[in-house]
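The block underneath contains the structure these notes are about, expressed in structure tokens.
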Amino acid sequence: MSGASKEKDPFIASLGKIYAGYTGGFAAFVVIIAILEQMGVPDRILGYLFVGLTIGVYAYIGIISRTQAVTEYYVAGRRVPALYNGMATGSDWMSAASFIGMAGSLYALGYGGLAFILGWTGGYMLVAILLAPYLRKFGQYTVPDFLGARYGGNAARLIGVTILITASFVYVVAQIVGVGIITQRFLDVSFTLAVFVGLAGILVCSMLGGMRAVTWTQVAQYIVLIIAYLIPAFLMSAKVTGVPLPQVMYGFALERIAELENGFRAAGMTPPPGVTGWHSAPFIGANGQFSLPAAINWFALVFCLMVGTASLPHILMRYFTTPSVKEARQSVAWSLFFIFLLYFTAPAYAAFAKVEIYQNIIGQPIASLPDWIKNWQIVSPYGVPWINIVDVNRDGILQWNEFRIHPDVVVLATPEIAGLPYVIAGLVAAGGLAAALSTADGLLLALANALSHDVYYKMIDRNAPTARRLTVSRVLLLTVAVAAAWVAGNAGADILFLVAWAFSIAAAGLFAALVMGVWYKKTTNIAAVVGMAVGYVITFGYMLHSEWFGLHFIQLFGTSDKIVAAARQVIAINQQFTSEALRAEAQAIIANAANVKDGALAWLGNIWGSPMNTDTVVLRNRVTGRMWGIGSISAGIFGVPVSFLVIYVVSQFTTAPSQAMQDFIDDIRIPKGGVRLADKREAVE
Amino acid sequence: MPLVEPGGAPSNTEAPAVSEATAAAHWAKTSSLMLLVLGIWFFASFVVHLIAPSLNSIRILGFPFGFYMAAQGSLIIFVVALFWFANRQNQVDEEFGVQED
């Protein structure tokens, strides 16, 4: 293996030329579409061309990269240079949530949404300094491989796989929802069908060539998505401020937004539900005043997203593909750079979109709104149109709170909102598709590898021949993909929300065990297994309990007044979303309000006192519980510290790791030399 | 770079790649670099945003400064610090002769 990777590889040497030619080709394609648009070719045909041609290219790369070699399939032959691995990680990382969802959330939340910007970049610091170089030195195929080798076999491996599957599955569902939104709009088909069309696109990239195909497809997808994201932002900046430098110029857009917001308030208007009325103000409640819970939730979310970044197996496994430890470190820096290019543009995108909407749409007669709004009247999976115009006061004029745009369509609709040519809208759709497909590819591969390599090969059949292992992997890939598409088509949820869940699950389950495995030699096998299990159960259990059993949750952790308040919230929700039994229970609580007692664990739920008391809010048409006022997307804040603590404490009471294990850790800590595994059965090949 | 020697012998009878003292010194220096970069990370991720409401009264090119730090400033710190770290860690590895062959 080492011999082949050191030789000058003609393919690697010509990568620069290949991707330069590809970028030029893509630019020419966009120009041709622009010319076709001027010649009067219908928008719908242009949409088909964009979606069809880009997916065609990815499929082509996927097919020419097909492989039957295990190292190629799992780690792309370990010869991906730092720069290209950085690009591939960038598109692996930037998903539908980053491309489609993030600027939309910034549009809605203002400063509050910046938690996503910070959280999804800063985590790479943790990846680089704490994990990536050491995992690369360890040099096997998957993250559970490391857990298995460091923590003595199948117990650690199995729980690692369980956490990986939970987090990645939740994450991949979100990507498929994103693919569905784009395909639905640009191919004009139903959401459920759109999901399966997108799925076909995902599978052709990853089925045949595994990591190798995914890597080279992801580089191509990065180029499409970054061009697609930057061009509309530059055009909008030129349109609004006269200078095409969105990242510098949107300060003026922020000032303009503040003026418009003040004007709306002076006219007695209120913002639509879910949108902040003070775009740049940090840590505020609905009344615009400082709110401690808002600040705590903001920092908790930043923390969970950062730690989650450093725990997500589909990201960590990208650093298994570099030729050396040194390149693994550089590759993390390149990854962050390529991600940064999009992330520091997203707040500009949101600000310009907001100026356009506030300036040109609000206050117009509803009868004469521009055509693009009609294009987004198609119904979302949440039962309302993506852009919902509700004439609350029936005066025929669009008020501030009557223009309700779902955050997930802000980016896709912005080119039309700003009056840019349709070719730009098509370009953005192609970019969004690239982002969602690339992440879905990486995630499905991580899932399939965990099942085929870690479960089937390492735990069930040690003697399985190579061909059978790869076949098992491909069959599982297909199965997982279809299952994820089914869930996405039937249980649509906000993209950002699902993704943030995945981060908290991975963070609470894996981070402590991975970091302490490298940095704390005395970490014992039992401690790690218990620590991972406890972190995972606390976080995932809290999410499930508070999200789907909110009333029960508050009856356990809340005070009597909060329980009655929750019951009233249940009754206020549209009846199609609540069950008969739940409404009856809520009615009973309200009828008996005077005698309701505090929950059994109310002391714990209110340990910090006001304003950090446990309460409930209505989100996603459910009454959801919030322990200490912290939303469930930041649930990792409970699991991560507990996991560290459990691992540390249990390590003090259990038998210290063997000398062989300590040697193994010593080997991982330095780039030079081989790795002496404590247990040879943990070696691959 | 075979991951494990073939055959039945326990794999940990091999000699380590560098002496124990070198490894310990290298790890001490690596750890302090890690703590330094972790400190930068903590500052840019959390500390600076604690005072965001007051920073917002400063305006540069229309940007409220607290907003700017969360939207761009901290990100730039992350990127620069990571390239610097990758470089610095390589120097540390070479200083102790533990870089890859």
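Each chain in the structure tokens gets a letter, A, B, ..., in the order shown, and its residues are numbered from 1; ligands are numbered from 1 in order too.
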(message) Give me, as a PyMOL selection string, all polymer residues having an atom no more than 7 Å from B:Ala71, counting only C-alpha atoms and skipping those fewer than 2 positions away in the same chain.
(response) (chain A and resi 114+117+344+347) or (chain B and resi 67-69+73)
Those same residues, written as a JSON list (two decimals), in the first residue's frame with C-alpha atoms?
[["chain", "number", "residue", "atom", "x", "y", "z"],
["A", 114, "LEU", "CA", -25.22, 33.69, 13.36],
["A", 117, "ILE", "CA", -22.31, 30.52, 11.02],
["A", 344, "PHE", "CA", -19.01, 34.70, 5.25],
["A", 347, "PRO", "CA", -25.22, 36.83, 6.12],
["B", 67, "PHE", "CA", -22.71, 41.51, 14.53],
["B", 68, "TYR", "CA", -19.58, 41.75, 12.39],
["B", 69, "MET", "CA", -17.51, 39.63, 14.79],
["B", 73, "GLY", "CA", -14.44, 38.48, 12.37]]
(message) So that I can check the secondary structure, give me every residue of stretch 31-67 of chain B assigned strand (DSSP E) by backbone DSSP, as an MDAnalysis selection string.
(response) chainID B and resid 59:60 63:64
Keeping only N, CA and C atoms, write the selected residues as a compact mmCIF listing (two decimals), in the first residue's frame.
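Written file, part_26.txt:
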# COMPACT_ATOMS: atom_id res chain seq x y z
N ARG B 59 -19.75 51.26 14.98
CA ARG B 59 -20.16 50.95 13.61
C ARG B 59 -19.01 51.16 12.64
N ILE B 60 -18.74 50.15 11.79
CA ILE B 60 -17.72 50.28 10.77
C ILE B 60 -18.36 49.92 9.43
N PHE B 63 -21.56 48.24 9.56
CA PHE B 63 -21.67 47.02 10.37
C PHE B 63 -21.71 47.37 11.85
N PRO B 64 -22.71 46.92 12.59
CA PRO B 64 -22.57 46.94 14.05
C PRO B 64 -21.45 45.94 14.39
(request) When you get a sec, could you note down which chain A residues fall within 7 Å of chain B, using only C-alpha atoms, as a PyMOL selection string? (result) chain A and resi 2+111+114+117-118+121-122+125+129+251-252+254-255+280+282+326+329-330+333+336-337+340+344+347+660+670-678+680+683
Could you please take those selected residues and save N, CA and C atoms as a CSV table (one decimal), in the first residue's frame?
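As written to disk, part.csv reads:
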chain,number,residue,atom,x,y,z
A,2,SER,N,2.0,1.2,0.8
A,2,SER,CA,2.8,2.4,0.9
A,2,SER,C,3.5,2.7,-0.4
A,111,TYR,N,-29.3,38.3,14.1
A,111,TYR,CA,-28.1,37.9,14.8
A,111,TYR,C,-28.3,36.5,15.4
A,114,LEU,N,-26.7,33.8,13.5
A,114,LEU,CA,-25.2,33.7,13.4
A,114,LEU,C,-24.6,32.6,14.2
A,117,ILE,N,-23.5,30.1,11.7
A,117,ILE,CA,-22.3,30.5,11.0
A,117,ILE,C,-21.1,30.2,11.9
A,118,LEU,N,-21.1,30.6,13.1
A,118,LEU,CA,-20.0,30.4,14.0
A,118,LEU,C,-19.8,28.9,14.3
A,121,THR,N,-18.3,26.6,11.6
A,121,THR,CA,-16.9,26.9,11.1
A,121,THR,C,-15.9,26.6,12.3
A,122,GLY,N,-16.2,27.1,13.5
A,122,GLY,CA,-15.3,27.0,14.6
A,122,GLY,C,-15.0,25.5,14.9
A,125,MET,N,-11.6,23.9,14.1
A,125,MET,CA,-10.4,24.1,15.0
A,125,MET,C,-10.3,22.8,15.8
A,129,ILE,N,-7.0,20.3,15.8
A,129,ILE,CA,-6.0,20.2,16.9
A,129,ILE,C,-6.2,19.0,17.7
A,251,GLY,N,-22.9,45.8,5.2
A,251,GLY,CA,-23.1,46.7,6.3
A,251,GLY,C,-24.1,47.8,6.0
A,252,PHE,N,-24.1,48.3,4.8
A,252,PHE,CA,-25.1,49.3,4.4
A,252,PHE,C,-26.5,48.7,4.3
A,254,LEU,N,-27.5,46.4,6.2
A,254,LEU,CA,-27.9,46.2,7.6
A,254,LEU,C,-28.5,47.5,8.1
A,255,GLU,N,-27.8,48.6,7.8
A,255,GLU,CA,-28.3,50.0,8.2
A,255,GLU,C,-29.7,50.2,7.6
A,280,SER,N,-30.0,43.1,13.6
A,280,SER,CA,-28.6,43.0,14.1
A,280,SER,C,-28.5,42.9,15.6
A,282,PRO,N,-28.2,41.4,19.2
A,282,PRO,CA,-28.0,40.1,19.8
A,282,PRO,C,-28.9,39.8,21.0
A,326,LYS,N,0.7,15.0,8.0
A,326,LYS,CA,0.9,16.4,7.7
A,326,LYS,C,-0.2,17.0,6.8
A,329,ARG,N,-3.5,17.6,8.5
A,329,ARG,CA,-3.7,18.8,9.2
A,329,ARG,C,-3.9,20.0,8.2
A,330,GLN,N,-3.1,20.0,7.1
A,330,GLN,CA,-3.3,21.1,6.2
A,330,GLN,C,-4.7,21.0,5.5
A,333,ALA,N,-7.3,22.8,7.4
A,333,ALA,CA,-7.3,24.3,7.2
A,333,ALA,C,-7.9,24.6,5.8
A,336,LEU,N,-11.7,24.4,6.0
A,336,LEU,CA,-12.3,25.5,6.6
A,336,LEU,C,-12.2,26.7,5.7
A,337,PHE,N,-11.2,26.9,5.0
A,337,PHE,CA,-11.1,28.0,4.0
A,337,PHE,C,-12.2,27.9,3.0
A,340,PHE,N,-15.5,28.6,4.6
A,340,PHE,CA,-15.5,30.1,4.9
A,340,PHE,C,-16.0,30.9,3.8
A,344,PHE,N,-19.1,33.3,5.0
A,344,PHE,CA,-19.0,34.7,5.2
A,344,PHE,C,-19.8,35.5,4.2
A,347,PRO,N,-24.5,35.7,5.5
A,347,PRO,CA,-25.2,36.8,6.1
A,347,PRO,C,-25.5,38.0,5.1
A,660,ALA,N,0.6,-2.5,26.1
A,660,ALA,CA,0.4,-2.5,24.7
A,660,ALA,C,-0.5,-1.4,24.2
A,670,ILE,N,2.6,10.5,17.3
A,670,ILE,CA,3.7,11.0,16.5
A,670,ILE,C,3.4,10.6,15.0
A,671,PRO,N,3.7,11.5,14.1
A,671,PRO,CA,3.5,11.2,12.7
A,671,PRO,C,4.4,10.0,12.2
A,672,LYS,N,5.7,9.9,12.7
A,672,LYS,CA,6.6,9.0,12.2
A,672,LYS,C,6.3,7.5,12.6
A,673,GLY,N,6.7,6.6,11.7
A,673,GLY,CA,6.6,5.2,12.0
A,673,GLY,C,5.3,4.6,11.8
A,674,GLY,N,5.2,3.3,12.2
A,674,GLY,CA,4.0,2.5,12.1
A,674,GLY,C,3.1,2.6,13.4
A,675,VAL,N,2.0,1.9,13.4
A,675,VAL,CA,1.2,1.8,14.5
A,675,VAL,C,1.2,0.4,15.1
A,676,ARG,N,1.5,0.3,16.4
A,676,ARG,CA,1.5,-1.1,17.0
A,676,ARG,C,0.2,-1.3,17.7
A,677,LEU,N,-0.7,-2.0,17.0
A,677,LEU,CA,-2.0,-2.3,17.6
A,677,LEU,C,-1.9,-3.2,18.8
A,678,ALA,N,-2.7,-2.9,19.8
A,678,ALA,CA,-2.7,-3.7,21.0
A,678,ALA,C,-3.4,-5.0,20.8
A,680,LYS,N,-4.4,-7.4,17.6
A,680,LYS,CA,-4.2,-7.5,16.1
A,680,LYS,C,-5.5,-7.8,15.4
A,683,ALA,N,-6.9,-5.1,13.3
A,683,ALA,CA,-6.3,-4.6,12.0
A,683,ALA,C,-7.2,-4.9,10.8
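Nearest to A:Leu235 of all the residues A:Gly631, A:Pro611, A:Pro421, A:Gly210 is A:Pro421, counting only C-alpha atoms.
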(request) Would you kindly return, as a ChimeraX atom specification, each protein, DNA or RNA residue with an atom no farther than 9 Å from any atom of A:Met627, considering only C-alpha atoms and excluding same-chain residues fewer than 5 positions away? (result) /A:542,546,554,557-558,605-606,612-616,632
(request) Please report, as a PyMOL selection string, each residue of stretch 81-156 of chain A to which DSSP assigns alpha helix (DSSP H) when run on this structure's backbone. (result) chain A and resi 82-93+96+103-109+114-126+132-138+143-150+154-156
